[in-house]
Amino acid sequence: MLKMLSRALTIVSSGPEKRFPRLFRRCASLSSRTVLDNAGKDGELRVFIVAGEASGDTIGSRLMASLKKLSPTPVRFAGVGGFMMSKEGLESLFPMEDIAVMGILELLPHLNKIRVKLKTTTEAALLFQPHVVVTVDSKGFSFRLLKQLRARYSRQQLNSRPAHFHYVAPSFWAWKGGESRLKNLATFVDHVFCILPFEETACRSNGLDATFVGHPILEDVLKFNLETQTSLRECKIEGNGDKFLNKHAISSGATVISLLPGSRLQEVTRMLSIFSDSMKQLKDSLHEIITVIHLAPNQHVENYVRGFIHKWPVPAILIPGGQLDLKYDAFSASSVALCTSGTAALELQLARLPCVVAYRAHLLTEWLILYKAKIPYISLPNILMGSAIIPEALFQACTPTNLSSLLMELIQSKELQEKQMVAAEKYICKRSILE
């Protein structure tokens with residue numbers, strides 16, 4: 001979370017300059033001058049920052065806001081981001097969605113466009129002459145960018161080069177041989193901000209400087225609970241469910257189901273039809289269903305969903321992306337949730353909303369995941385718990401019939417619901433994310 005990140009970045013000593021990020025000073029002593037020396041000389045700190053998806057856009061925006069508060073000199077940003085980063089002053093080189101592609105086979109049709117965007121971003125970074133380059137998640141694009149920048153600076157034999165930071169360590173722990181690949185990152189990444197507690201040690205043991213800064217989702221906890229919670233370790237967000245139900249005139253006998261189909265257009269186009277067919281099957285078993293579809297702050301996704309729901313089988317309410325109050329009010333009003341694997345499962349744990357996780361990809365991508373993965377789960381809560389507390393319907397098992405069956409079982413079983421709630425309190429919040 002940002003508070004932990006600020007502690008990781010800040011020197012606890014007097015003087016405005018020494019209150020600025022320690023890591024920038026420690027990791028970026030490239031030649032005889034530090035980042036702060038260069039920024040002071042230039043009268044501004046130039047930060048080139050890149051995010052490639054909705055979660056990275058949120059992380060990037062919070063980092064930008066923090067840097068503006070901490071920097072002893074004005075901060076100027078350039079790079080690639082979305083709506084949230086634009087609110088902090090970034091003029092994105094191109095729409096962030098242009099590089100929001102995940103999966104090996106899924107990437108192939110977009111390779112030429114990605115190459116063009118990579119070249120555009122590299123040239124823009126060199127022209128900007130940043131003191132710091134920060135990439136957020138999206139390791140495919142991010143690491144290629146950092147490699148190209150480091151190679152270009154080396155060829156030009158410049159006396160000073162920007163420090164390279166990557167926020168969100170790659171999930172090396174999920175793949176066979178993943179940890180061994182960390183050594184190579186140190187050739188083009190100066191420091192990694194880790195969001196899981198065990199990642200820092202693994203990175204450092206493989207020669208890669210790293211700092212655990214906490215999971216970004218806990219920023220939501222701060223926003224909602226700072227004034228009321230005595231301890232952040234309660235790690236719970238309670239929205240106003242009654243307000244949501246009254247606002248949308250939802251009857252007390254209705255079953256409200258939150259749906260989170262994903263943040264990338266490619267996964268939303270794949271998952272939304274499966275979710276729709278699942279709701280169609282469920283409506284035969286339940287008296288009244290109201291679905292709440294949570295949109296990512298991605299204009300392409302929003303346009304697609306708004307067009308798709310004209311043929312939606314049950315009543316649907318859309319929640320715009322980036323509006324946390326509405327999102328958690330809807331969570332509080334919901335009985336269960338169905339989500340595409342990602343950060344969403346962790347958000348649902350914070351809201352104490354029982355859920356089912358679903359995921360489909362290209363058939364060959366699914367085969368590669370099954371072949372290369374060394375853990376049996378795909379959602380972060382289950383990975384952290386080491387147990388399938390949250391039902392997962394993955395790949396060929398991700399069918400409307402299976403999803404509707406899992407949701408119905410969860411709706412009808414207080415025991416299964418309680419099992420997820422206990423796990424959220426005992427494992428996710430107290431033992432895995434904060435320690």
# chains A, B, ... in the order shown; residues from 1 in each chain; ligands from 1
>>> residues_around(residues="Leu416 (chain A)", least_positions_apart="3", cutoff="12 Å", atoms="only C-alpha atoms", output="mmCIF file with all heavy atoms, in the first residue's frame")
data_model
loop_
_atom_site.group_PDB
_atom_site.id
_atom_site.type_symbol
_atom_site.label_atom_id
_atom_site.label_comp_id
_atom_site.auth_asym_id
_atom_site.auth_seq_id
_atom_site.Cartn_x
_atom_site.Cartn_y
_atom_site.Cartn_z
ATOM 1 N N VAL A 336 -23.461 -13.192 -3.824
ATOM 2 C CA VAL A 336 -22.244 -13.870 -4.281
ATOM 3 C C VAL A 336 -21.697 -13.098 -5.470
ATOM 4 O O VAL A 336 -22.331 -12.165 -5.979
ATOM 5 C CB VAL A 336 -22.510 -15.339 -4.700
ATOM 6 C CG1 VAL A 336 -22.945 -16.185 -3.530
ATOM 7 C CG2 VAL A 336 -23.517 -15.391 -5.845
ATOM 8 N N LEU A 353 -17.222 -10.956 0.328
ATOM 9 C CA LEU A 353 -18.261 -11.432 -0.581
ATOM 10 C C LEU A 353 -17.839 -12.769 -1.179
ATOM 11 O O LEU A 353 -16.850 -12.841 -1.905
ATOM 12 C CB LEU A 353 -18.502 -10.412 -1.694
ATOM 13 C CG LEU A 353 -19.552 -10.793 -2.756
ATOM 14 C CD1 LEU A 353 -20.905 -11.026 -2.111
ATOM 15 C CD2 LEU A 353 -19.645 -9.709 -3.828
ATOM 16 N N PRO A 354 -18.558 -13.847 -0.880
ATOM 17 C CA PRO A 354 -18.204 -15.165 -1.418
ATOM 18 C C PRO A 354 -18.230 -15.141 -2.949
ATOM 19 O O PRO A 354 -19.090 -14.490 -3.559
ATOM 20 C CB PRO A 354 -19.287 -16.082 -0.862
ATOM 21 C CG PRO A 354 -19.859 -15.361 0.305
ATOM 22 C CD PRO A 354 -19.754 -13.910 -0.025
ATOM 23 N N CYS A 355 -17.303 -15.863 -3.564
ATOM 24 C CA CYS A 355 -17.201 -15.771 -5.016
ATOM 25 C C CYS A 355 -16.779 -17.087 -5.648
ATOM 26 O O CYS A 355 -16.319 -18.017 -4.980
ATOM 27 C CB CYS A 355 -16.215 -14.677 -5.414
ATOM 28 S SG CYS A 355 -14.493 -15.023 -4.986
ATOM 29 N N VAL A 356 -16.937 -17.117 -6.961
ATOM 30 C CA VAL A 356 -16.430 -18.180 -7.815
ATOM 31 C C VAL A 356 -15.503 -17.531 -8.831
ATOM 32 O O VAL A 356 -15.827 -16.466 -9.376
ATOM 33 C CB VAL A 356 -17.575 -18.924 -8.534
ATOM 34 C CG1 VAL A 356 -17.024 -19.909 -9.560
ATOM 35 C CG2 VAL A 356 -18.471 -19.638 -7.526
ATOM 36 N N ALA A 388 -7.940 -24.613 -2.264
ATOM 37 C CA ALA A 388 -9.015 -24.122 -3.126
ATOM 38 C C ALA A 388 -10.237 -23.725 -2.303
ATOM 39 O O ALA A 388 -11.326 -24.280 -2.459
ATOM 40 C CB ALA A 388 -9.373 -25.175 -4.160
ATOM 41 N N ILE A 389 -10.052 -22.765 -1.425
ATOM 42 C CA ILE A 389 -11.176 -22.268 -0.623
ATOM 43 C C ILE A 389 -12.205 -21.611 -1.536
ATOM 44 O O ILE A 389 -13.407 -21.747 -1.347
ATOM 45 C CB ILE A 389 -10.675 -21.256 0.433
ATOM 46 C CG1 ILE A 389 -9.653 -21.896 1.356
ATOM 47 C CG2 ILE A 389 -11.847 -20.694 1.230
ATOM 48 C CD1 ILE A 389 -10.191 -23.021 2.192
ATOM 49 N N ILE A 390 -11.720 -20.885 -2.530
ATOM 50 C CA ILE A 390 -12.599 -20.264 -3.521
ATOM 51 C C ILE A 390 -12.718 -21.203 -4.707
ATOM 52 O O ILE A 390 -11.701 -21.604 -5.293
ATOM 53 C CB ILE A 390 -12.034 -18.904 -3.978
ATOM 54 C CG1 ILE A 390 -11.971 -17.937 -2.791
ATOM 55 C CG2 ILE A 390 -12.873 -18.323 -5.107
ATOM 56 C CD1 ILE A 390 -11.303 -16.623 -3.114
ATOM 57 N N PRO A 391 -13.924 -21.593 -5.103
ATOM 58 C CA PRO A 391 -14.074 -22.488 -6.251
ATOM 59 C C PRO A 391 -13.518 -21.855 -7.525
ATOM 60 O O PRO A 391 -13.758 -20.667 -7.799
ATOM 61 C CB PRO A 391 -15.593 -22.680 -6.352
ATOM 62 C CG PRO A 391 -16.145 -22.270 -5.039
ATOM 63 C CD PRO A 391 -15.217 -21.236 -4.494
ATOM 64 N N LEU A 406 -21.845 -24.064 -9.522
ATOM 65 C CA LEU A 406 -20.996 -23.597 -8.414
ATOM 66 C C LEU A 406 -21.631 -22.400 -7.706
ATOM 67 O O LEU A 406 -21.599 -22.298 -6.472
ATOM 68 C CB LEU A 406 -19.616 -23.230 -8.934
ATOM 69 C CG LEU A 406 -18.712 -24.392 -9.353
ATOM 70 C CD1 LEU A 406 -17.465 -23.878 -10.075
ATOM 71 C CD2 LEU A 406 -18.305 -25.228 -8.135
ATOM 72 N N LEU A 407 -22.194 -21.480 -8.478
ATOM 73 C CA LEU A 407 -22.840 -20.314 -7.877
ATOM 74 C C LEU A 407 -24.059 -20.717 -7.059
ATOM 75 O O LEU A 407 -24.276 -20.208 -5.956
ATOM 76 C CB LEU A 407 -23.243 -19.319 -8.969
ATOM 77 C CG LEU A 407 -22.108 -18.516 -9.592
ATOM 78 C CD1 LEU A 407 -22.587 -17.774 -10.831
ATOM 79 C CD2 LEU A 407 -21.516 -17.528 -8.582
ATOM 80 N N MET A 408 -24.852 -21.644 -7.600
ATOM 81 C CA MET A 408 -26.049 -22.086 -6.886
ATOM 82 C C MET A 408 -25.673 -22.766 -5.574
ATOM 83 O O MET A 408 -26.297 -22.530 -4.526
ATOM 84 C CB MET A 408 -26.849 -23.052 -7.774
ATOM 85 C CG MET A 408 -28.255 -23.291 -7.276
ATOM 86 S SD MET A 408 -29.242 -21.776 -7.385
ATOM 87 C CE MET A 408 -30.643 -22.232 -6.376
ATOM 88 N N GLU A 409 -24.634 -23.579 -5.627
ATOM 89 C CA GLU A 409 -24.167 -24.255 -4.423
ATOM 90 C C GLU A 409 -23.699 -23.245 -3.384
ATOM 91 O O GLU A 409 -23.982 -23.378 -2.184
ATOM 92 C CB GLU A 409 -23.037 -25.219 -4.780
ATOM 93 C CG GLU A 409 -22.551 -26.065 -3.613
ATOM 94 C CD GLU A 409 -21.429 -27.010 -4.011
ATOM 95 O OE1 GLU A 409 -20.880 -26.853 -5.126
ATOM 96 O OE2 GLU A 409 -21.101 -27.900 -3.202
ATOM 97 N N LEU A 410 -23.004 -22.201 -3.825
ATOM 98 C CA LEU A 410 -22.505 -21.180 -2.916
ATOM 99 C C LEU A 410 -23.650 -20.353 -2.334
ATOM 100 O O LEU A 410 -23.650 -20.012 -1.142
ATOM 101 C CB LEU A 410 -21.515 -20.278 -3.658
ATOM 102 C CG LEU A 410 -20.694 -19.287 -2.832
ATOM 103 C CD1 LEU A 410 -19.882 -20.003 -1.757
ATOM 104 C CD2 LEU A 410 -19.764 -18.480 -3.741
ATOM 105 N N ILE A 411 -24.640 -20.032 -3.162
ATOM 106 C CA ILE A 411 -25.797 -19.265 -2.691
ATOM 107 C C ILE A 411 -26.562 -20.018 -1.617
ATOM 108 O O ILE A 411 -27.022 -19.442 -0.626
ATOM 109 C CB ILE A 411 -26.726 -18.930 -3.884
ATOM 110 C CG1 ILE A 411 -26.055 -17.902 -4.804
ATOM 111 C CG2 ILE A 411 -28.076 -18.392 -3.392
ATOM 112 C CD1 ILE A 411 -26.767 -17.704 -6.132
ATOM 113 N N GLN A 412 -26.675 -21.318 -1.779
ATOM 114 C CA GLN A 412 -27.492 -22.130 -0.878
ATOM 115 C C GLN A 412 -26.753 -22.614 0.368
ATOM 116 O O GLN A 412 -27.385 -23.057 1.324
ATOM 117 C CB GLN A 412 -28.039 -23.343 -1.638
ATOM 118 C CG GLN A 412 -29.012 -22.989 -2.740
ATOM 119 C CD GLN A 412 -29.512 -24.198 -3.501
ATOM 120 O OE1 GLN A 412 -28.819 -25.219 -3.584
ATOM 121 N NE2 GLN A 412 -30.698 -24.098 -4.078
ATOM 122 N N SER A 413 -25.416 -22.516 0.369
ATOM 123 C CA SER A 413 -24.642 -23.077 1.475
ATOM 124 C C SER A 413 -24.006 -21.983 2.332
ATOM 125 O O SER A 413 -23.015 -21.355 1.935
ATOM 126 C CB SER A 413 -23.549 -24.011 0.936
ATOM 127 O OG SER A 413 -22.713 -24.454 1.980
ATOM 128 N N LYS A 419 -16.821 -20.355 5.101
ATOM 129 C CA LYS A 419 -15.473 -20.862 4.882
ATOM 130 C C LYS A 419 -14.609 -19.824 4.168
ATOM 131 O O LYS A 419 -13.447 -19.607 4.515
ATOM 132 C CB LYS A 419 -15.538 -22.154 4.066
ATOM 133 C CG LYS A 419 -14.241 -22.928 3.990
ATOM 134 C CD LYS A 419 -14.465 -24.246 3.245
ATOM 135 C CE LYS A 419 -13.180 -25.060 3.179
ATOM 136 N NZ LYS A 419 -13.383 -26.330 2.419
ATOM 137 N N GLN A 420 -15.176 -19.153 3.175
ATOM 138 C CA GLN A 420 -14.435 -18.104 2.471
ATOM 139 C C GLN A 420 -14.192 -16.896 3.362
ATOM 140 O O GLN A 420 -13.113 -16.287 3.324
ATOM 141 C CB GLN A 420 -15.195 -17.681 1.215
ATOM 142 C CG GLN A 420 -15.182 -18.713 0.099
ATOM 143 C CD GLN A 420 -15.600 -18.130 -1.246
ATOM 144 O OE1 GLN A 420 -15.369 -16.963 -1.533
ATOM 145 N NE2 GLN A 420 -16.213 -18.961 -2.080
ATOM 146 N N MET A 421 -15.177 -16.546 4.173
ATOM 147 C CA MET A 421 -15.033 -15.385 5.044
ATOM 148 C C MET A 421 -13.956 -15.601 6.103
ATOM 149 O O MET A 421 -13.150 -14.719 6.390
ATOM 150 C CB MET A 421 -16.361 -15.055 5.719
ATOM 151 C CG MET A 421 -17.511 -14.746 4.768
ATOM 152 S SD MET A 421 -17.129 -13.458 3.564
ATOM 153 C CE MET A 421 -16.595 -14.437 2.132
ATOM 154 N N VAL A 422 -13.934 -16.788 6.682
ATOM 155 C CA VAL A 422 -12.914 -17.120 7.684
ATOM 156 C C VAL A 422 -11.522 -17.097 7.053
ATOM 157 O O VAL A 422 -10.565 -16.581 7.638
ATOM 158 C CB VAL A 422 -13.208 -18.499 8.317
ATOM 159 C CG1 VAL A 422 -12.032 -18.954 9.173
ATOM 160 C CG2 VAL A 422 -14.479 -18.439 9.149
ATOM 161 N N ALA A 423 -11.424 -17.647 5.856
ATOM 162 C CA ALA A 423 -10.141 -17.669 5.162
ATOM 163 C C ALA A 423 -9.653 -16.258 4.860
ATOM 164 O O ALA A 423 -8.458 -15.959 4.985
ATOM 165 C CB ALA A 423 -10.256 -18.474 3.870
#
>>> select_by_dssp(residues="region 194-265 of chain A", states="strand (DSSP E)", output="PDB file with all heavy atoms, in the first residue's frame")
ATOM      1  N   CYS A 194       7.944  -5.049  -4.683  1.00  0.00           N
ATOM      2  CA  CYS A 194       7.196  -6.306  -4.563  1.00  0.00           C
ATOM      3  C   CYS A 194       5.902  -6.078  -3.796  1.00  0.00           C
ATOM      4  O   CYS A 194       5.884  -5.335  -2.807  1.00  0.00           O
ATOM      5  CB  CYS A 194       8.030  -7.360  -3.836  1.00  0.00           C
ATOM      6  SG  CYS A 194       9.629  -7.699  -4.613  1.00  0.00           S
ATOM      7  N   ALA A 210      15.277  -5.400  -4.321  1.00  0.00           N
ATOM      8  CA  ALA A 210      13.820  -5.389  -4.225  1.00  0.00           C
ATOM      9  C   ALA A 210      13.380  -4.914  -2.854  1.00  0.00           C
ATOM     10  O   ALA A 210      14.123  -5.029  -1.868  1.00  0.00           O
ATOM     11  CB  ALA A 210      13.262  -6.792  -4.493  1.00  0.00           C
ATOM     12  N   THR A 211      12.169  -4.382  -2.792  1.00  0.00           N
ATOM     13  CA  THR A 211      11.566  -3.951  -1.535  1.00  0.00           C
ATOM     14  C   THR A 211      10.090  -4.341  -1.533  1.00  0.00           C
ATOM     15  O   THR A 211       9.374  -4.082  -2.506  1.00  0.00           O
ATOM     16  CB  THR A 211      11.670  -2.422  -1.350  1.00  0.00           C
ATOM     17  OG1 THR A 211      13.038  -2.039  -1.326  1.00  0.00           O
ATOM     18  CG2 THR A 211      11.000  -1.986  -0.049  1.00  0.00           C
ATOM     19  N   PHE A 212       9.653  -4.984  -0.459  1.00  0.00           N
ATOM     20  CA  PHE A 212       8.234  -5.293  -0.286  1.00  0.00           C
ATOM     21  C   PHE A 212       7.516  -4.033   0.157  1.00  0.00           C
ATOM     22  O   PHE A 212       7.834  -3.449   1.187  1.00  0.00           O
ATOM     23  CB  PHE A 212       8.060  -6.404   0.757  1.00  0.00           C
ATOM     24  CG  PHE A 212       6.635  -6.599   1.199  1.00  0.00           C
ATOM     25  CD1 PHE A 212       5.635  -6.873   0.282  1.00  0.00           C
ATOM     26  CD2 PHE A 212       6.294  -6.504   2.548  1.00  0.00           C
ATOM     27  CE1 PHE A 212       4.315  -7.049   0.692  1.00  0.00           C
ATOM     28  CE2 PHE A 212       4.982  -6.686   2.967  1.00  0.00           C
ATOM     29  CZ  PHE A 212       3.995  -6.962   2.037  1.00  0.00           C
ATOM     30  N   THR A 255     -32.015 -11.978  -5.641  1.00  0.00           N
ATOM     31  CA  THR A 255     -30.628 -12.420  -5.454  1.00  0.00           C
ATOM     32  C   THR A 255     -29.733 -11.541  -6.316  1.00  0.00           C
ATOM     33  O   THR A 255     -29.833 -11.554  -7.546  1.00  0.00           O
ATOM     34  CB  THR A 255     -30.446 -13.896  -5.860  1.00  0.00           C
ATOM     35  OG1 THR A 255     -31.308 -14.714  -5.070  1.00  0.00           O
ATOM     36  CG2 THR A 255     -29.006 -14.330  -5.660  1.00  0.00           C
ATOM     37  N   VAL A 256     -28.878 -10.759  -5.671  1.00  0.00           N
ATOM     38  CA  VAL A 256     -27.978  -9.862  -6.390  1.00  0.00           C
ATOM     39  C   VAL A 256     -26.632 -10.562  -6.584  1.00  0.00           C
ATOM     40  O   VAL A 256     -26.037 -11.048  -5.618  1.00  0.00           O
ATOM     41  CB  VAL A 256     -27.783  -8.532  -5.639  1.00  0.00           C
ATOM     42  CG1 VAL A 256     -26.867  -7.594  -6.421  1.00  0.00           C
ATOM     43  CG2 VAL A 256     -29.132  -7.866  -5.381  1.00  0.00           C
ATOM     44  N   ILE A 257     -26.174 -10.623  -7.809  1.00  0.00           N
ATOM     45  CA  ILE A 257     -24.907 -11.279  -8.127  1.00  0.00           C
ATOM     46  C   ILE A 257     -23.987 -10.280  -8.802  1.00  0.00           C
ATOM     47  O   ILE A 257     -24.338  -9.694  -9.837  1.00  0.00           O
ATOM     48  CB  ILE A 257     -25.117 -12.495  -9.059  1.00  0.00           C
ATOM     49  CG1 ILE A 257     -26.057 -13.508  -8.405  1.00  0.00           C
ATOM     50  CG2 ILE A 257     -23.786 -13.151  -9.400  1.00  0.00           C
ATOM     51  CD1 ILE A 257     -26.383 -14.698  -9.302  1.00  0.00           C
ATOM     52  N   SER A 258     -22.819 -10.051  -8.224  1.00  0.00           N
ATOM     53  CA  SER A 258     -21.816  -9.178  -8.829  1.00  0.00           C
ATOM     54  C   SER A 258     -21.003  -9.971  -9.845  1.00  0.00           C
ATOM     55  O   SER A 258     -20.549 -11.082  -9.560  1.00  0.00           O
ATOM     56  CB  SER A 258     -20.884  -8.597  -7.759  1.00  0.00           C
ATOM     57  OG  SER A 258     -21.424  -7.432  -7.181  1.00  0.00           O
ATOM     58  N   LEU A 259     -20.813  -9.383 -11.010  1.00  0.00           N
ATOM     59  CA  LEU A 259     -20.029 -10.006 -12.069  1.00  0.00           C
ATOM     60  C   LEU A 259     -18.848  -9.114 -12.420  1.00  0.00           C
ATOM     61  O   LEU A 259     -19.006  -7.912 -12.660  1.00  0.00           O
ATOM     62  CB  LEU A 259     -20.888 -10.221 -13.318  1.00  0.00           C
ATOM     63  CG  LEU A 259     -22.170 -11.052 -13.163  1.00  0.00           C
ATOM     64  CD1 LEU A 259     -22.933 -11.104 -14.474  1.00  0.00           C
ATOM     65  CD2 LEU A 259     -21.828 -12.455 -12.679  1.00  0.00           C
ATOM     66  N   LEU A 260     -17.650  -9.708 -12.446  1.00  0.00           N
ATOM     67  CA  LEU A 260     -16.436  -8.966 -12.795  1.00  0.00           C
ATOM     68  C   LEU A 260     -15.754  -9.712 -13.938  1.00  0.00           C
ATOM     69  O   LEU A 260     -14.953 -10.631 -13.714  1.00  0.00           O
ATOM     70  CB  LEU A 260     -15.513  -8.850 -11.578  1.00  0.00           C
ATOM     71  CG  LEU A 260     -16.100  -8.070 -10.382  1.00  0.00           C
ATOM     72  CD1 LEU A 260     -16.834  -9.012  -9.433  1.00  0.00           C
ATOM     73  CD2 LEU A 260     -15.011  -7.319  -9.631  1.00  0.00           C
TER      74      LEU A 260
END
>>> residues_around(residues="Arg270 (chain A)", least_positions_apart="3", cutoff="8 Å", atoms="only C-alpha atoms", output="list in words")
Gln266, Glu267, Ser273, Ile274, Arg360 and Ala361 of chain A
>>> closest_residue(among="A:Pro261, A:Gly342, A:Pro400, A:Gly140", to="Ser379 (chain A)", atoms="only C-alpha atoms")
A:Gly342
>>> residues_around(residues="Gly89 (chain A)", least_positions_apart="6", cutoff="10 Å", atoms="only C-alpha atoms", output="list in words")
Ser61, Met64, Ala65, Val75, Arg76, Phe77 and Ala78 of chain A
>>> closest_residue(among="A:His294, A:Asn206, A:Ile383, A:Gly322", to="Lys87 (chain A)", atoms="only C-alpha atoms")
A:Gly322
>>> select_by_dssp(residues="region 167-339 of chain A", states="helix (DSSP H, G or I)", output="PyMOL selection string")
chain A and resi 172-174+179-185+199-205+218-225+232-234+241-247+265-282+299-311+324-333
>>> write_last_selection(atoms="C-alpha atoms", output="short mmCIF file (atom, residue, chain, number, x, y, z; two decimals), in the first residue's frame")
data_model
loop_
_atom_site.label_atom_id
_atom_site.label_comp_id
_atom_site.auth_asym_id
_atom_site.auth_seq_id
_atom_site.Cartn_x
_atom_site.Cartn_y
_atom_site.Cartn_z
CA PHE A 172 8.14 -16.16 -10.77
CA TRP A 173 6.78 -18.32 -7.95
CA ALA A 174 3.96 -19.61 -10.16
CA GLU A 179 12.93 -17.96 -9.87
CA SER A 180 16.03 -18.70 -11.95
CA ARG A 181 14.93 -16.06 -14.47
CA LEU A 182 15.20 -13.31 -11.87
CA LYS A 183 18.98 -13.10 -12.29
CA ASN A 184 18.60 -11.76 -15.82
CA LEU A 185 16.31 -8.95 -14.69
CA GLU A 199 8.96 -11.93 -3.13
CA GLU A 200 11.59 -9.55 -1.75
CA THR A 201 13.78 -12.30 -0.30
CA ALA A 202 13.58 -14.38 -3.47
CA CYS A 203 14.52 -11.41 -5.64
CA ARG A 204 17.47 -10.44 -3.43
CA SER A 205 18.77 -14.01 -3.26
CA LEU A 218 -4.91 -2.18 0.64
CA GLU A 219 -5.14 1.41 -0.59
CA ASP A 220 -8.86 0.76 -0.78
CA VAL A 221 -8.83 -0.25 2.88
CA LEU A 222 -7.12 3.02 3.78
CA LYS A 223 -9.59 5.06 1.76
CA PHE A 224 -12.65 3.50 3.38
CA ASN A 225 -11.47 2.76 6.91
CA LEU A 232 -5.45 -1.76 9.33
CA ARG A 233 -4.92 -5.47 10.00
CA GLU A 234 -8.68 -5.96 10.13
CA GLY A 241 -25.57 -2.30 0.67
CA ASP A 242 -28.90 -0.85 1.78
CA LYS A 243 -28.14 2.40 -0.03
CA PHE A 244 -27.41 0.47 -3.22
CA LEU A 245 -30.57 -1.63 -2.97
CA ASN A 246 -32.76 1.42 -2.33
CA LYS A 247 -31.15 3.45 -5.10
CA LEU A 265 -10.93 -6.34 -23.82
CA GLN A 266 -9.66 -9.74 -24.97
CA GLU A 267 -10.70 -11.46 -21.72
CA VAL A 268 -14.00 -9.58 -21.43
CA THR A 269 -15.05 -10.60 -24.95
CA ARG A 270 -14.26 -14.20 -24.06
CA MET A 271 -15.78 -14.28 -20.57
CA LEU A 272 -18.90 -12.12 -20.87
CA SER A 273 -20.77 -14.54 -23.12
CA ILE A 274 -19.97 -17.38 -20.69
CA PHE A 275 -21.23 -15.24 -17.78
CA SER A 276 -24.38 -14.41 -19.73
CA ASP A 277 -25.18 -18.07 -20.42
CA SER A 278 -24.49 -18.87 -16.76
CA MET A 279 -27.04 -16.28 -15.65
CA LYS A 280 -29.51 -17.65 -18.18
CA GLN A 281 -29.23 -21.07 -16.56
CA LEU A 282 -29.39 -19.67 -13.04
CA GLN A 299 -13.15 2.66 -22.59
CA HIS A 300 -12.91 -0.26 -25.02
CA VAL A 301 -14.24 -2.62 -22.35
CA GLU A 302 -17.04 -0.27 -21.36
CA ASN A 303 -18.18 0.18 -24.96
CA TYR A 304 -18.19 -3.57 -25.53
CA VAL A 305 -20.14 -4.36 -22.36
CA ARG A 306 -22.73 -1.64 -22.98
CA GLY A 307 -23.34 -3.08 -26.42
CA PHE A 308 -23.46 -6.66 -25.19
CA ILE A 309 -26.01 -6.24 -22.39
CA HIS A 310 -28.82 -5.45 -24.83
CA LYS A 311 -29.19 -9.23 -25.09
CA LEU A 324 -14.76 2.61 -5.39
CA ASP A 325 -17.77 3.76 -3.35
CA LEU A 326 -20.21 2.35 -5.88
CA LYS A 327 -18.22 -0.84 -6.28
CA TYR A 328 -18.12 -1.71 -2.60
CA ASP A 329 -21.74 -0.65 -2.07
CA ALA A 330 -22.66 -3.14 -4.80
CA PHE A 331 -20.46 -5.81 -3.22
CA SER A 332 -22.21 -5.27 0.10
CA ALA A 333 -25.61 -5.64 -1.57
#
>>> closest_residue(among="A:Glu288, A:Glu238, A:Glu347, A:Asp190", to="Ile217 (chain A)", atoms="only C-alpha atoms")
A:Glu347
>>> closest_residue(among="A:Asp284, A:Glu425, A:Asp209, A:Asp42", to="Phe193 (chain A)", atoms="only C-alpha atoms")
A:Asp209
>>> closest_atom_pairs(of="region 162-277 of chain A", to="region 144-153 of chain A", cutoff="9 Å", atoms="only C-alpha atoms", output="tab-separated table")
residue	atom	partner	partner_atom	distance
A:Pro162	CA	A:Arg150	CA	8.8
A:His164	CA	A:Leu146	CA	7.2
A:Thr187	CA	A:Lys147	CA	8.2
A:Phe188	CA	A:Lys147	CA	5.6
A:Val189	CA	A:Leu146	CA	7.1
>>> closest_residue(among="A:Asn298, A:Ser154, A:Ser334, A:Thr343", to="Ile250 (chain A)", atoms="only C-alpha atoms")
A:Ser334
>>> closest_residue(among="A:Gln396, A:Asn382, A:Thr340, A:Ser387", to="Tyr359 (chain A)", atoms="only C-alpha atoms")
A:Thr340
